[in-house]
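Text of coords.cif, listed as mmCIF, C-alpha atoms:
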data_run
loop_
_atom_site.group_PDB
_atom_site.id
_atom_site.type_symbol
_atom_site.label_atom_id
_atom_site.label_comp_id
_atom_site.auth_asym_id
_atom_site.auth_seq_id
_atom_site.Cartn_x
_atom_site.Cartn_y
_atom_site.Cartn_z
ATOM 1 C CA MET O 1 -12.114 7.429 -1.665
ATOM 2 C CA SER O 2 -12.256 3.751 -0.940
ATOM 3 C CA PRO O 3 -9.213 1.647 -1.919
ATOM 4 C CA ILE O 4 -11.620 -0.510 -3.953
ATOM 5 C CA THR O 5 -12.748 2.548 -5.911
ATOM 6 C CA HIS O 6 -9.117 3.583 -6.455
ATOM 7 C CA PHE O 7 -8.307 0.073 -7.691
ATOM 8 C CA LEU O 8 -11.270 -0.007 -10.102
ATOM 9 C CA ILE O 9 -10.338 3.433 -11.434
ATOM 10 C CA GLY O 10 -6.800 2.183 -12.057
ATOM 11 C CA TRP O 11 -8.014 -0.972 -13.738
ATOM 12 C CA SER O 12 -10.353 1.121 -15.906
ATOM 13 C CA VAL O 13 -7.440 3.362 -16.916
ATOM 14 C CA GLY O 14 -5.486 0.253 -17.881
ATOM 15 C CA CYS O 15 -8.351 -0.793 -20.141
ATOM 16 C CA LEU O 16 -8.263 2.491 -22.054
ATOM 17 C CA ALA O 17 -4.971 1.595 -23.736
ATOM 18 C CA PRO O 18 -4.008 -1.492 -25.766
ATOM 19 C CA LEU O 19 -2.379 -3.256 -22.829
ATOM 20 C CA LYS O 20 -2.191 -6.951 -22.090
ATOM 21 C CA LYS O 21 -3.182 -8.584 -18.811
ATOM 22 C CA ARG O 22 0.084 -8.004 -16.933
ATOM 23 C CA ASP O 23 0.338 -4.353 -17.938
ATOM 24 C CA ARG O 24 -3.309 -3.702 -17.023
ATOM 25 C CA ALA O 25 -2.577 -5.209 -13.604
ATOM 26 C CA ILE O 26 0.434 -2.909 -13.169
ATOM 27 C CA VAL O 27 -1.717 0.133 -13.951
ATOM 28 C CA ALA O 28 -4.398 -1.051 -11.517
ATOM 29 C CA VAL O 29 -1.875 -1.609 -8.730
ATOM 30 C CA ALA O 30 -0.402 1.857 -9.371
ATOM 31 C CA ALA O 31 -3.808 3.287 -8.453
ATOM 32 C CA VAL O 32 -3.625 1.854 -4.928
ATOM 33 C CA ALA O 33 0.130 2.290 -4.415
ATOM 34 C CA PRO O 34 -0.260 5.690 -2.705
ATOM 35 C CA ASP O 35 -2.155 3.993 0.119
ATOM 36 C CA LEU O 36 0.869 1.902 1.089
ATOM 37 C CA ASP O 37 1.495 4.685 3.599
ATOM 38 C CA GLY O 38 -1.803 3.695 5.208
ATOM 39 C CA LEU O 39 -0.324 0.395 6.389
ATOM 40 C CA GLY O 40 0.954 2.314 9.406
ATOM 41 C CA ALA O 41 -2.559 1.858 10.794
ATOM 42 C CA ILE O 42 -1.621 -1.702 11.759
ATOM 43 C CA ALA O 43 1.213 -0.544 14.023
ATOM 44 C CA GLU O 44 -0.873 2.332 15.347
ATOM 45 C CA VAL O 45 -3.778 0.080 16.347
ATOM 46 C CA ALA O 46 -1.444 -2.548 17.787
ATOM 47 C CA THR O 47 0.357 -0.013 20.004
ATOM 48 C CA ARG O 48 -2.454 2.405 20.850
ATOM 49 C CA ASN O 49 -2.671 1.291 24.501
ATOM 50 C CA SER O 50 1.097 1.235 25.070
ATOM 51 C CA ASP O 51 3.168 3.884 26.805
ATOM 52 C CA GLU O 52 4.683 4.946 23.493
ATOM 53 C CA PRO O 53 2.153 4.330 20.710
ATOM 54 C CA LEU O 54 3.396 4.364 17.126
ATOM 55 C CA LEU O 55 1.388 7.028 15.308
ATOM 56 C CA TRP O 56 2.463 5.845 11.876
ATOM 57 C CA PHE O 57 -0.973 6.225 10.288
ATOM 58 C CA SER O 58 -1.820 9.579 11.876
ATOM 59 C CA GLU O 59 1.560 11.073 11.017
ATOM 60 C CA TYR O 60 2.424 9.468 7.687
ATOM 61 C CA HIS O 61 -0.793 8.624 5.814
ATOM 62 C CA HIS O 62 -1.104 10.956 2.817
ATOM 63 C CA VAL O 63 2.555 11.907 3.335
ATOM 64 C CA LEU O 64 4.884 9.049 2.380
ATOM 65 C CA GLY O 65 2.908 7.670 -0.547
ATOM 66 C CA HIS O 66 0.858 10.619 -1.768
ATOM 67 C CA ASN O 67 3.544 12.653 -3.495
ATOM 68 C CA LEU O 68 5.604 13.179 -6.620
ATOM 69 C CA GLY O 69 8.500 11.069 -5.360
ATOM 70 C CA MET O 70 6.255 8.027 -4.940
ATOM 71 C CA ALA O 71 4.637 8.713 -8.328
ATOM 72 C CA LEU O 72 8.041 8.660 -10.003
ATOM 73 C CA ALA O 73 9.012 5.467 -8.130
ATOM 74 C CA VAL O 74 5.773 3.770 -9.210
ATOM 75 C CA MET O 75 6.352 4.819 -12.816
ATOM 76 C CA VAL O 76 9.928 3.451 -12.771
ATOM 77 C CA VAL O 77 8.749 0.115 -11.315
ATOM 78 C CA ALA O 78 5.969 -0.007 -13.931
ATOM 79 C CA PHE O 79 8.509 0.680 -16.677
ATOM 80 C CA LEU O 80 10.794 -2.108 -15.463
ATOM 81 C CA ALA O 81 7.999 -4.666 -14.969
ATOM 82 C CA ALA O 82 5.865 -4.009 -18.056
ATOM 83 C CA GLU O 83 5.843 -5.472 -21.526
ATOM 84 C CA ARG O 84 4.847 -2.165 -23.164
ATOM 85 C CA ARG O 85 7.160 -0.161 -20.944
ATOM 86 C CA TRP O 86 6.570 3.449 -21.923
ATOM 87 C CA LEU O 87 2.819 3.183 -22.363
ATOM 88 C CA THR O 88 2.345 1.221 -19.135
ATOM 89 C CA SER O 89 4.555 3.644 -17.207
ATOM 90 C CA VAL O 90 2.571 6.648 -18.439
ATOM 91 C CA MET O 91 -0.746 4.929 -17.719
ATOM 92 C CA ALA O 92 0.518 3.979 -14.235
ATOM 93 C CA GLY O 93 1.406 7.651 -13.662
ATOM 94 C CA ILE O 94 -2.091 8.704 -14.723
ATOM 95 C CA SER O 95 -3.619 6.037 -12.511
ATOM 96 C CA PHE O 96 -1.491 7.160 -9.543
ATOM 97 C CA HIS O 97 -2.456 10.808 -10.037
ATOM 98 C CA LEU O 98 -6.146 9.926 -10.307
ATOM 99 C CA HIS O 99 -5.759 8.414 -6.838
ATOM 100 C CA LEU O 100 -4.403 11.728 -5.559
ATOM 101 C CA LEU O 101 -7.221 13.623 -7.259
ATOM 102 C CA GLY O 102 -9.774 11.251 -5.743
ATOM 103 C CA ASP O 103 -8.335 11.847 -2.281
ATOM 104 C CA ILE O 104 -8.303 15.618 -2.768
ATOM 105 C CA VAL O 105 -11.961 15.753 -3.826
ATOM 106 C CA GLY O 106 -13.391 12.857 -1.832
ATOM 107 C CA GLY O 107 -11.233 11.915 1.124
ATOM 108 C CA ARG O 108 -12.463 13.970 4.085
ATOM 109 C CA GLY O 109 -12.655 11.947 7.268
ATOM 110 C CA PRO O 110 -15.580 11.778 9.706
ATOM 111 C CA ASP O 111 -13.856 14.343 11.932
ATOM 112 C CA GLY O 112 -13.887 16.879 9.067
ATOM 113 C CA TYR O 113 -10.122 16.746 8.494
ATOM 114 C CA GLU O 114 -9.271 17.536 4.853
ATOM 115 C CA TRP O 115 -6.187 15.355 4.357
ATOM 116 C CA PRO O 116 -3.717 17.640 2.556
ATOM 117 C CA ILE O 117 -1.459 16.102 -0.106
ATOM 118 C CA PRO O 118 2.186 17.270 0.166
ATOM 119 C CA TYR O 119 2.626 16.762 -3.571
ATOM 120 C CA LEU O 120 6.242 17.875 -4.059
ATOM 121 C CA LEU O 121 7.742 15.591 -1.380
ATOM 122 C CA PRO O 122 10.497 14.488 -1.046
ATOM 123 C CA PHE O 123 11.873 17.336 -3.161
ATOM 124 C CA SER O 124 10.067 20.150 -1.330
ATOM 125 C CA ASN O 125 7.365 20.576 1.299
ATOM 126 C CA ALA O 126 6.334 23.955 -0.053
ATOM 127 C CA TRP O 127 3.109 22.889 -1.737
ATOM 128 C CA GLU O 128 0.199 21.021 -0.156
ATOM 129 C CA LEU O 129 -2.883 20.238 -2.204
ATOM 130 C CA THR O 130 -6.269 20.443 -0.528
ATOM 131 C CA TRP O 131 -9.782 21.517 -1.405
ATOM 132 C CA SER O 132 -12.197 23.187 1.006
ATOM 133 C CA GLY O 133 -15.164 21.485 -0.674
ATOM 134 C CA GLN O 134 -13.738 17.998 -0.125
ATOM 135 C CA TRP O 135 -16.466 15.341 0.118
ATOM 136 C CA ALA O 136 -16.672 13.062 3.088
ATOM 137 C CA LEU O 137 -15.611 9.470 2.444
ATOM 138 C CA ASN O 138 -19.245 8.361 2.719
ATOM 139 C CA ALA O 139 -20.686 11.241 0.659
ATOM 140 C CA TRP O 140 -22.984 10.475 -2.269
ATOM 141 C CA PRO O 141 -20.504 11.691 -4.960
ATOM 142 C CA ASN O 142 -18.061 8.960 -3.909
ATOM 143 C CA PHE O 143 -20.825 6.386 -4.315
ATOM 144 C CA VAL O 144 -21.592 7.787 -7.778
ATOM 145 C CA VAL O 145 -17.928 7.519 -8.802
ATOM 146 C CA THR O 146 -17.804 3.952 -7.497
ATOM 147 C CA GLY O 147 -21.008 3.117 -9.379
ATOM 148 C CA LEU O 148 -19.625 4.551 -12.611
ATOM 149 C CA VAL O 149 -16.365 2.599 -12.433
ATOM 150 C CA LEU O 150 -18.302 -0.559 -11.541
ATOM 151 C CA TRP O 151 -20.519 -0.020 -14.592
ATOM 152 C CA PHE O 152 -17.407 0.494 -16.767
ATOM 153 C CA THR O 153 -15.786 -2.642 -15.287
ATOM 154 C CA PHE O 154 -18.872 -4.740 -16.020
ATOM 155 C CA HIS O 155 -19.193 -3.257 -19.510
ATOM 156 C CA VAL O 156 -15.555 -4.015 -20.379
ATOM 157 C CA ALA O 157 -15.932 -7.537 -19.003
ATOM 158 C CA TRP O 158 -19.034 -8.111 -21.123
ATOM 159 C CA LYS O 159 -17.620 -6.456 -24.257
ATOM 160 C CA ARG O 160 -13.921 -7.454 -24.204
ATOM 161 C CA GLY O 161 -13.934 -10.509 -21.958
ATOM 162 C CA VAL O 162 -11.555 -9.104 -19.333
ATOM 163 C CA SER O 163 -12.224 -8.078 -15.749
ATOM 164 C CA PRO O 164 -10.115 -7.404 -12.652
ATOM 165 C CA LEU O 165 -10.640 -11.079 -11.793
ATOM 166 C CA GLU O 166 -8.075 -11.896 -14.493
ATOM 167 C CA MET O 167 -5.417 -10.793 -11.993
ATOM 168 C CA ILE O 168 -6.437 -13.629 -9.670
ATOM 169 C CA SER O 169 -7.729 -16.437 -11.873
ATOM 170 C CA ALA O 170 -8.371 -16.983 -15.572
ATOM 171 C CA ARG O 171 -11.175 -19.372 -14.611
ATOM 172 C CA ALA O 172 -12.879 -16.792 -12.354
ATOM 173 C CA ASN O 173 -12.581 -14.170 -15.095
ATOM 174 C CA ALA O 174 -14.077 -16.540 -17.680
ATOM 175 C CA ALA O 175 -16.959 -17.463 -15.341
ATOM 176 C CA PHE O 176 -17.706 -13.785 -14.651
ATOM 177 C CA VAL O 177 -17.662 -12.899 -18.350
ATOM 178 C CA ALA O 178 -19.837 -15.921 -19.209
ATOM 179 C CA THR O 179 -22.355 -14.906 -16.537
ATOM 180 C CA LEU O 180 -22.580 -11.379 -17.948
ATOM 181 C CA ARG O 181 -22.933 -12.635 -21.509
ATOM 182 C CA ASN O 182 -25.581 -15.176 -20.506
ATOM 183 C CA ARG O 183 -27.549 -12.381 -18.850
ATOM 184 C CA PHE O 184 -27.043 -9.587 -21.399
ATOM 185 C CA GLY O 185 -26.265 -11.499 -24.606
ATOM 186 C CA GLU O 186 -23.136 -11.688 -26.687
ATOM 187 C CA PRO O 187 -21.492 -8.380 -27.611
ATOM 188 C CA ALA O 188 -21.537 -7.317 -31.251
ATOM 189 C CA ALA O 189 -17.753 -7.001 -31.441
ATOM 190 C CA VAL O 190 -15.059 -8.404 -29.210
ATOM 191 C CA ALA O 191 -11.564 -6.920 -28.822
ATOM 192 C CA PRO O 192 -8.746 -8.614 -30.711
ATOM 193 C CA PRO O 193 -7.433 -11.656 -28.830
ATOM 194 C CA ASP O 194 -4.013 -10.096 -28.075
ATOM 195 C CA LEU O 195 -5.696 -7.441 -25.876
ATOM 196 C CA ALA O 196 -7.493 -10.069 -23.809
ATOM 197 C CA ARG O 197 -4.316 -11.917 -22.733
#

Could I get this structure in the form of structure tokens?
Amino acid sequence: MSPITHFLIGWSVGCLAPLKKRDRAIVAVAAVAPDLDGLGAIAEVATRNSDEPLLWFSEYHHVLGHNLGMALAVMVVAFLAAERRWLTSVMAGISFHLHLLGDIVGGRGPDGYEWPIPYLLPFSNAWELTWSGQWALNAWPNFVVTGLVLWFTFHVAWKRGVSPLEMISARANAAFVATLRNRFGEPAAVAPPDLAR
């Protein structure tokens, strides 16, 4: 799945619990944390014409970040950084695992490779998760999932007054919410103010 879809899924998960702005952001970031191992693509592209290219993306994507060890690390960081530590840590773990699920069901590349997930790393390499029916990255089910999380994101913004833009700018978030409410009217009930901070 697209990193944007993963992010929106994580942000949506963060909105399902009574979390404040910072904790929602932590849960959203946890949803894209597995793809940190994809940053090897930069070195791989930069060295592809050299005598000894660095195959950091080809060899390590879906290996270093897509596993139980990384999930536990993300949950510990979430616990240490959050206001509502236990709840945020659990929600970050759910968000992280939804990323893995999304990659298992919808992450097949254009060459047909079904990126396996070595889930038990670094503790064991005995179990790799894969699914023979894995959708291609550009398959219609991935677009449906993206559409659904976009709808949820817009709905939460309209109803509760919070959107992923709150992570960047309170002004941008307020403008987005105002635009939605001008177009679709004021919601009948708004979340308590402490959830919108």

- Query: So which residues touch segment 138-151 of chain O within 7 Å, counting all atoms listed in the file, skipping near sequence neighbours fewer than 6 positions away, as a ChimeraX atom specification?
  - Reply: /O:1,5,8-9,106

- Measure the distance from atom CA of Trp11 of chain O to atom CA of Pro164 of chain O in Å and round it to one decimal. 6.9 Å

- Could you expand the PyMOL selection byres ((chain O and resi 105) around 7) into the explicit residues it covers here, written as a ChimeraX atom specification? /O:101-104,106-107,131,134-135

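The smallest atom-to-atom distance between Val156 of chain O and any of O:Ala46, O:Ser2, O:Trp56, O:Cys15, using all atoms listed in the file, is found for O:Cys15.
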
Output the residue selection produced by the PyMOL selection byres ((chain O and resi 157) around 10) on the file above, formatted as an mmCIF file with C-alpha atoms, in the coordinates of the input.
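part15.cif was written with the following content:
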data_model
loop_
_atom_site.group_PDB
_atom_site.id
_atom_site.type_symbol
_atom_site.label_atom_id
_atom_site.label_comp_id
_atom_site.auth_asym_id
_atom_site.auth_seq_id
_atom_site.Cartn_x
_atom_site.Cartn_y
_atom_site.Cartn_z
ATOM 1 C CA TRP O 151 -20.519 -0.020 -14.592
ATOM 2 C CA PHE O 152 -17.407 0.494 -16.767
ATOM 3 C CA THR O 153 -15.786 -2.642 -15.287
ATOM 4 C CA PHE O 154 -18.872 -4.740 -16.020
ATOM 5 C CA HIS O 155 -19.193 -3.257 -19.510
ATOM 6 C CA VAL O 156 -15.555 -4.015 -20.379
ATOM 7 C CA TRP O 158 -19.034 -8.111 -21.123
ATOM 8 C CA LYS O 159 -17.620 -6.456 -24.257
ATOM 9 C CA ARG O 160 -13.921 -7.454 -24.204
ATOM 10 C CA GLY O 161 -13.934 -10.509 -21.958
ATOM 11 C CA VAL O 162 -11.555 -9.104 -19.333
ATOM 12 C CA SER O 163 -12.224 -8.078 -15.749
ATOM 13 C CA PRO O 164 -10.115 -7.404 -12.652
ATOM 14 C CA LEU O 165 -10.640 -11.079 -11.793
ATOM 15 C CA ASN O 173 -12.581 -14.170 -15.095
ATOM 16 C CA ALA O 174 -14.077 -16.540 -17.680
ATOM 17 C CA PHE O 176 -17.706 -13.785 -14.651
ATOM 18 C CA VAL O 177 -17.662 -12.899 -18.350
ATOM 19 C CA ALA O 178 -19.837 -15.921 -19.209
ATOM 20 C CA LEU O 180 -22.580 -11.379 -17.948
ATOM 21 C CA ARG O 181 -22.933 -12.635 -21.509
#

- With all atoms listed in the file as the basis for distance, which of O:Arg84, O:His6, O:Arg108, O:His99 is at the shortest distance from Arg22 of chain O? O:Arg84

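Atom pair atom CA of Val29 of chain O / atom CA of Val74 of chain O has a distance of 9.4 Å (rounded to one decimal).
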
- Message: So, with only C-alpha atoms as the atoms that count, which of O:Ser95, O:Thr47, O:Ser58, O:Asn182 lies closest to Pro34 of chain O?
- Response: O:Ser95

- Message: I'd like to know which of O:Met70, O:Ala188, O:Val77, O:Val13 is closest to Leu120 of chain O, using only C-alpha atoms.
- Response: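 Of O:Met70, O:Ala188, O:Val77, O:Val13, the one nearest Leu120 of chain O, counting only C-alpha atoms, is O:Met70.
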
- Task: Name the residues that the PyMOL selection byres ((chain O and resi 27) around 7) pulls out of this structure, and write them as a PyMOL selection string.
- Result: chain O and resi 10-11+14+23-26+28-31+88+91-92+95

- Item | Proximity to Ser169 of chain O - best of O:Val76, O:Phe7, O:Asn67, O:Lys21, all atoms listed in the file |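 So, comparing all the options, the nearest one is O:Lys21.
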
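For the atom pair formed by atom CA of His61 of chain O and atom CA of Ser132 of chain O, the distance is 19.1 Å, given to one decimal.
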
Quick one: 3 Å padding each side, axis-aligned, all listed atoms of segment 96-102 of chain O - centre and edge lengths in Å to one decimal, as JSON?
{"center_x": -5.6, "center_y": 10.4, "center_z": -7.9, "size_x": 14.3, "size_y": 12.5, "size_z": 10.7}

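Candidate residues O:Ala17, O:Leu55, O:Ala175, O:Leu39 were compared for distance to Val90 of chain O, and the nearest is O:Ala17, using all atoms listed in the file.
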
- Give me the residues within 10 Å of Glu59 of chain O as a list in words, counting only C-alpha atoms and dropping any in the same chain fewer than 5 places off. Asp37, Gly38, Gly40, Leu54 and Leu64 of chain O
